[in-house]
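See below for the structure under consideration.
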Amino acid sequence: MKSIFRGKHFITLEDWNKDEINTLLEVSSDLKKNFAMGVPTPYLPLQTIFLMFFEQSTRTRNSMEAGIAQLGGHGNFLDTSTMQIAHGEVAKDTAVILSRYGHGIACRNCFWEVGNKYLRAMAEHSTVPVMNLQCDLYHPMQGIADLMTIKEKVGDMKRLKVSIIWAYATSHKKPISVPLTQALLFPRYGMDVTLAYPEGYELPDWVIEKAKKNALDNGGTFKITHNMEEAYKDAHVVIPKNWGSWVTNPSEDVVDDLLNSYKSWKCTEEMMSIADKDVMYMHALPADRNNEVVNSVIDGPHSIIYDEAENRLHTAKAVMTLTMGGK
């Protein structure tokens with residue numbers, strides 16, 4: 001393999017080929033083993049990464065901050081409301097300057113039809129790798145951690161039945177970036193992927209076309225259903241998670257008539273009972289408990305949410321290790 005990782009942007013896993021993703025998984029596993037054994041991994045000594053957040057974060061911020069510290073470097077947390085961005089400074093100027101100050105830039109910007117464009121503009125003008133901490137379209141940090149978790153649990157992922165299922169939630173109008181990333185990534189590993197949602201919560205047409213192509217090219221399948229029970233039936237992995245109706249309705253209103261008409265789309269013991277007997281429940285977190293999922297499921301024996309969340313640390317470290325080079 002002749003991939004060059006140093007300086008490579010991490011905006012979507014669609015920009016990384018299978019060999020590169022497999023290397024990322026291998027490095028993640030190696031870092032996880034060393035972390036468990038207390039073996040230091042100072043692969044990025046005295047390097048600085050700037051962590052720009054337009055929005056709140058728990059797992060992403062802390063996995064990046066802890067991760068860079070464990071790699072021997074330093075993370076500068078930047079609340080963009082306290083930066084000159086708040087006064088209108090453009091992505092180009094921010095990227096040029098921050099890339100002269102350090103060794104990596106990571107950014108979360110989930111504003112609909114803004115976030116990915118902002119990250120792309122930064123990447124165009126940065127001289128260091130730009131990493132996507134979630135935008136309006138993609139969440140590659142979550143996607144690679146999900147893939148690592150599934151691989152750890154089952155080994156061979158070919159023909160694994162994985163269902164990405166919309167679920168009812170009222171906490172905020174959530175981005176489509178998590179299900180979109182999973183829909184594109186999982187078929188690349190030969191999984192049989194079902195995307196289930198009520199009408200009105202579609203993903204973009206180009207995503208569906210690409211997901212089907214990824215499945216065709218890699219020996220998996222990809223299908224859509226508007227029937228929740230169909231998605232749960234015999235599934236090996238279920239990922240019931242809310243996402244907003246951004247594609248059909250760009251309004252930022254959290255609760256509307258469409259949302260309220262689908263309160264029944266909840267992960268319950270009854271739904272889990274029609275899945276495979278060893279089904280695994282996953283969620284990127286935070287979960288809207290008692291709306292998206294009942295406590296007995298998310299806290300039950302089929303739930304692997306905390307393993308999934310832990311892997312956010314190891315995969316974040318792998319992304320930084322591979323892409324950040326010395327000056």
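All residue names refer to the structure tokens as shown: chains lettered A, B, ... in order, residues numbered from 1 in each chain, ligands numbered from 1 in order.
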Fill in: Test item, strand (DSSP E or B) assignment across region 78-112 of chain A, answer as a ChimeraX atom specification
/A:78-79,104-109
Keeping only N, CA, C and O atoms, write the selected residues to a file as a short mmCIF file (atom, residue, chain, number, x, y, z; two decimals), in the first residue's frame.
```cif
data_model
loop_
_atom_site.label_atom_id
_atom_site.label_comp_id
_atom_site.auth_asym_id
_atom_site.auth_seq_id
_atom_site.Cartn_x
_atom_site.Cartn_y
_atom_site.Cartn_z
N LEU A 78 -11.42 25.56 21.16
CA LEU A 78 -11.85 26.87 20.68
C LEU A 78 -13.37 26.90 20.56
O LEU A 78 -13.94 26.24 19.69
N ASP A 79 -14.02 27.63 21.45
CA ASP A 79 -15.45 27.90 21.33
C ASP A 79 -15.57 29.01 20.29
O ASP A 79 -15.14 30.14 20.52
N GLY A 104 -2.53 20.62 13.26
CA GLY A 104 -3.80 20.06 12.84
C GLY A 104 -4.94 20.97 13.25
O GLY A 104 -4.84 21.73 14.22
N ILE A 105 -6.04 20.91 12.48
CA ILE A 105 -7.24 21.67 12.79
C ILE A 105 -8.42 20.69 12.75
O ILE A 105 -8.56 19.93 11.79
N ALA A 106 -9.24 20.72 13.78
CA ALA A 106 -10.44 19.89 13.79
C ALA A 106 -11.63 20.79 14.09
O ALA A 106 -11.52 21.72 14.89
N CYS A 107 -12.76 20.52 13.44
CA CYS A 107 -13.87 21.45 13.54
C CYS A 107 -15.21 20.72 13.53
O CYS A 107 -15.40 19.78 12.75
N ARG A 108 -16.13 21.17 14.40
CA ARG A 108 -17.52 20.72 14.36
C ARG A 108 -18.39 21.91 13.95
O ARG A 108 -18.41 22.94 14.61
N ASN A 109 -19.08 21.74 12.82
CA ASN A 109 -20.01 22.77 12.32
C ASN A 109 -21.17 22.03 11.65
O ASN A 109 -21.04 21.53 10.53
#
```
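By only C-alpha atoms, and with residues fewer than 2 positions from Glu199 (chain A) along its chain excluded, the set lying at most 12 Å from it is Trp166, Leu195, Ala196, Tyr197, Tyr201, Glu202, Leu203, Ile224, Thr225, His226, Asn227, Met228, Gly244, Ser245, Val247, Thr248, Leu258, Leu259, Ser261 and Tyr262 of chain A.
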Practice prompt. Identify which of the residues A:Leu13, A:Val293, A:Ala235, A:Leu25 lies closest to Leu180 (chain A), counting only C-alpha atoms when measuring atom-to-atom distances.
Written response: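 Under the stated criterion, the closest residue is A:Leu13.
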Discussion item. Here is a test: counting only C-alpha atoms, which residue of A:Glu124, A:Met324, A:Val207, A:Ala318 is nearest to Glu20 (chain A)?
Written reply: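 Ranked by minimum distance to Glu20 (chain A), first place goes to A:Ala318.
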Could you give me, as CSV, every region 172-219 of chain A residue with an atom at most 10 Å from region 131-134 of chain A, plus its closest atom pair and distance in Å to one decimal, counting only C-alpha atoms, rows ordered by chain then number?
```
residue,atom,partner,partner_atom,distance
A:Pro175,CA,A:Gln134,CA,8.9
A:Ser177,CA,A:Gln134,CA,7.0
A:Val178,CA,A:Gln134,CA,8.4
```
Discussion item. Residues of region 80-316 of chain A classed as alpha helix (DSSP H) by DSSP on the backbone are to be reported as a ChimeraX atom specification.
Written reply: /A:91-101,115-125,140-154,177-185,205-218,228-232,257-260,269-273,295-298,305-316
Fill in: Leu24 (chain A) environment, 10 Å, only C-alpha atoms, sequence neighbours closer than 2 positions dropped, as a PyMOL selection string
chain A and resi 5+16+18-22+26-30+144+148+315-319+321-322
Output the selection as a PDB file, in the first residue's frame - N, CA, C and O atoms for each residue.
```pdb
ATOM      1  N   PHE A   5      -0.510   9.259   4.423  1.00  0.00           N
ATOM      2  CA  PHE A   5      -1.449   9.738   5.431  1.00  0.00           C
ATOM      3  C   PHE A   5      -1.098  11.130   5.940  1.00  0.00           C
ATOM      4  O   PHE A   5      -1.989  11.895   6.288  1.00  0.00           O
ATOM      5  N   TRP A  16     -11.448   8.318   1.722  1.00  0.00           N
ATOM      6  CA  TRP A  16     -10.430   7.338   2.133  1.00  0.00           C
ATOM      7  C   TRP A  16     -10.775   5.988   1.502  1.00  0.00           C
ATOM      8  O   TRP A  16     -11.913   5.532   1.583  1.00  0.00           O
ATOM      9  N   LYS A  18     -10.444   1.758   0.924  1.00  0.00           N
ATOM     10  CA  LYS A  18     -10.582   0.661   1.882  1.00  0.00           C
ATOM     11  C   LYS A  18      -9.256   0.340   2.574  1.00  0.00           C
ATOM     12  O   LYS A  18      -9.229   0.069   3.781  1.00  0.00           O
ATOM     13  N   ASP A  19      -8.160   0.346   1.836  1.00  0.00           N
ATOM     14  CA  ASP A  19      -6.864   0.060   2.449  1.00  0.00           C
ATOM     15  C   ASP A  19      -6.540   1.102   3.520  1.00  0.00           C
ATOM     16  O   ASP A  19      -6.018   0.754   4.588  1.00  0.00           O
ATOM     17  N   GLU A  20      -6.847   2.352   3.238  1.00  0.00           N
ATOM     18  CA  GLU A  20      -6.572   3.415   4.211  1.00  0.00           C
ATOM     19  C   GLU A  20      -7.446   3.265   5.453  1.00  0.00           C
ATOM     20  O   GLU A  20      -6.974   3.444   6.585  1.00  0.00           O
ATOM     21  N   ILE A  21      -8.710   2.926   5.241  1.00  0.00           N
ATOM     22  CA  ILE A  21      -9.608   2.719   6.390  1.00  0.00           C
ATOM     23  C   ILE A  21      -9.163   1.508   7.196  1.00  0.00           C
ATOM     24  O   ILE A  21      -9.177   1.533   8.437  1.00  0.00           O
ATOM     25  N   ASN A  22      -8.738   0.459   6.521  1.00  0.00           N
ATOM     26  CA  ASN A  22      -8.262  -0.734   7.233  1.00  0.00           C
ATOM     27  C   ASN A  22      -7.019  -0.418   8.068  1.00  0.00           C
ATOM     28  O   ASN A  22      -6.867  -0.913   9.195  1.00  0.00           O
ATOM     29  N   GLU A  26      -6.494  -0.746  12.099  1.00  0.00           N
ATOM     30  CA  GLU A  26      -5.361  -1.451  12.702  1.00  0.00           C
ATOM     31  C   GLU A  26      -4.643  -0.573  13.712  1.00  0.00           C
ATOM     32  O   GLU A  26      -4.284  -1.030  14.811  1.00  0.00           O
ATOM     33  N   VAL A  27      -4.433   0.688  13.350  1.00  0.00           N
ATOM     34  CA  VAL A  27      -3.760   1.622  14.258  1.00  0.00           C
ATOM     35  C   VAL A  27      -4.622   1.871  15.488  1.00  0.00           C
ATOM     36  O   VAL A  27      -4.124   1.937  16.619  1.00  0.00           O
ATOM     37  N   SER A  28      -5.936   1.977  15.287  1.00  0.00           N
ATOM     38  CA  SER A  28      -6.863   2.166  16.413  1.00  0.00           C
ATOM     39  C   SER A  28      -6.756   0.998  17.390  1.00  0.00           C
ATOM     40  O   SER A  28      -6.709   1.202  18.621  1.00  0.00           O
ATOM     41  N   SER A  29      -6.738  -0.215  16.863  1.00  0.00           N
ATOM     42  CA  SER A  29      -6.652  -1.407  17.719  1.00  0.00           C
ATOM     43  C   SER A  29      -5.328  -1.446  18.476  1.00  0.00           C
ATOM     44  O   SER A  29      -5.283  -1.798  19.665  1.00  0.00           O
ATOM     45  N   ASP A  30      -4.250  -1.074  17.803  1.00  0.00           N
ATOM     46  CA  ASP A  30      -2.933  -1.056  18.443  1.00  0.00           C
ATOM     47  C   ASP A  30      -2.907  -0.033  19.579  1.00  0.00           C
ATOM     48  O   ASP A  30      -2.411  -0.311  20.679  1.00  0.00           O
ATOM     49  N   ILE A 144     -16.067   5.711  11.964  1.00  0.00           N
ATOM     50  CA  ILE A 144     -14.938   4.790  12.079  1.00  0.00           C
ATOM     51  C   ILE A 144     -14.974   4.071  13.430  1.00  0.00           C
ATOM     52  O   ILE A 144     -14.611   2.887  13.535  1.00  0.00           O
ATOM     53  N   MET A 148     -15.204   0.044  13.901  1.00  0.00           N
ATOM     54  CA  MET A 148     -14.267  -0.665  14.774  1.00  0.00           C
ATOM     55  C   MET A 148     -15.011  -1.527  15.788  1.00  0.00           C
ATOM     56  O   MET A 148     -14.638  -2.684  16.030  1.00  0.00           O
ATOM     57  N   THR A 315     -10.005   5.621  18.018  1.00  0.00           N
ATOM     58  CA  THR A 315     -10.042   5.986  16.605  1.00  0.00           C
ATOM     59  C   THR A 315      -9.614   7.438  16.394  1.00  0.00           C
ATOM     60  O   THR A 315      -8.946   7.753  15.411  1.00  0.00           O
ATOM     61  N   ALA A 316      -9.989   8.327  17.319  1.00  0.00           N
ATOM     62  CA  ALA A 316      -9.547   9.722  17.217  1.00  0.00           C
ATOM     63  C   ALA A 316      -8.028   9.801  17.276  1.00  0.00           C
ATOM     64  O   ALA A 316      -7.389  10.542  16.508  1.00  0.00           O
ATOM     65  N   LYS A 317      -7.438   9.027  18.175  1.00  0.00           N
ATOM     66  CA  LYS A 317      -5.977   9.001  18.282  1.00  0.00           C
ATOM     67  C   LYS A 317      -5.342   8.471  16.999  1.00  0.00           C
ATOM     68  O   LYS A 317      -4.292   8.963  16.555  1.00  0.00           O
ATOM     69  N   ALA A 318      -5.981   7.468  16.399  1.00  0.00           N
ATOM     70  CA  ALA A 318      -5.442   6.910  15.158  1.00  0.00           C
ATOM     71  C   ALA A 318      -5.490   7.931  14.025  1.00  0.00           C
ATOM     72  O   ALA A 318      -4.536   8.066  13.251  1.00  0.00           O
ATOM     73  N   VAL A 319      -6.611   8.647  13.920  1.00  0.00           N
ATOM     74  CA  VAL A 319      -6.727   9.677  12.875  1.00  0.00           C
ATOM     75  C   VAL A 319      -5.638  10.731  13.040  1.00  0.00           C
ATOM     76  O   VAL A 319      -4.949  11.102  12.077  1.00  0.00           O
ATOM     77  N   THR A 321      -2.761  10.449  14.748  1.00  0.00           N
ATOM     78  CA  THR A 321      -1.430   9.850  14.575  1.00  0.00           C
ATOM     79  C   THR A 321      -1.050   9.740  13.100  1.00  0.00           C
ATOM     80  O   THR A 321       0.076  10.054  12.698  1.00  0.00           O
ATOM     81  N   LEU A 322      -2.020   9.297  12.286  1.00  0.00           N
ATOM     82  CA  LEU A 322      -1.712   9.073  10.874  1.00  0.00           C
ATOM     83  C   LEU A 322      -1.627  10.369  10.070  1.00  0.00           C
ATOM     84  O   LEU A 322      -0.832  10.465   9.125  1.00  0.00           O
TER      85      LEU A 322
END
```
Discussion item. Could you check the closest approach to Val162 (chain A) for each of A:Val96, A:Ile85, A:Leu44, A:Met282 and tell me which residue wins, using only C-alpha atoms?
Written reply: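 Distance minimum relative to Val162 (chain A) lands on A:Met282.
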Worksheet entry | All residues 12 Å or closer to Leu119 (chain A), only C-alpha atoms, same chain fewer than 2 positions away omitted, as a PyMOL selection string | chain A and resi 9-12+52-54+90-92+94-95+105-111+113-117+121-126+129-138
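Rounded to one decimal, CA of Asn291 (chain A) and CA of Asp256 (chain A) lie 15.1 Å from each other.
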Worksheet item: How far is it from CA of Thr149 (chain A) to CA of Ala284 (chain A), in Å with one decimal?
Response: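 Rounded to one decimal, the two atoms are 11.5 Å apart.
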Practice prompt. Compare A:Lys213, A:Lys158, A:Lys263, A:Lys223 by their minimum atom-to-atom distance to Pro198 (chain A), counting only C-alpha atoms, and give me the closest one.
Written response: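 Smallest separation from Pro198 (chain A) among the options: A:Lys263.
The space between CA of Ala169 (chain A) and CA of His314 (chain A) spans 28.8 Å.
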Practice prompt. Rank nothing, just name the residue among A:Ile305, A:Met191, A:Met141, A:Ala275 nearest to Asp156 (chain A), using only C-alpha atoms.
Written response: A:Met191
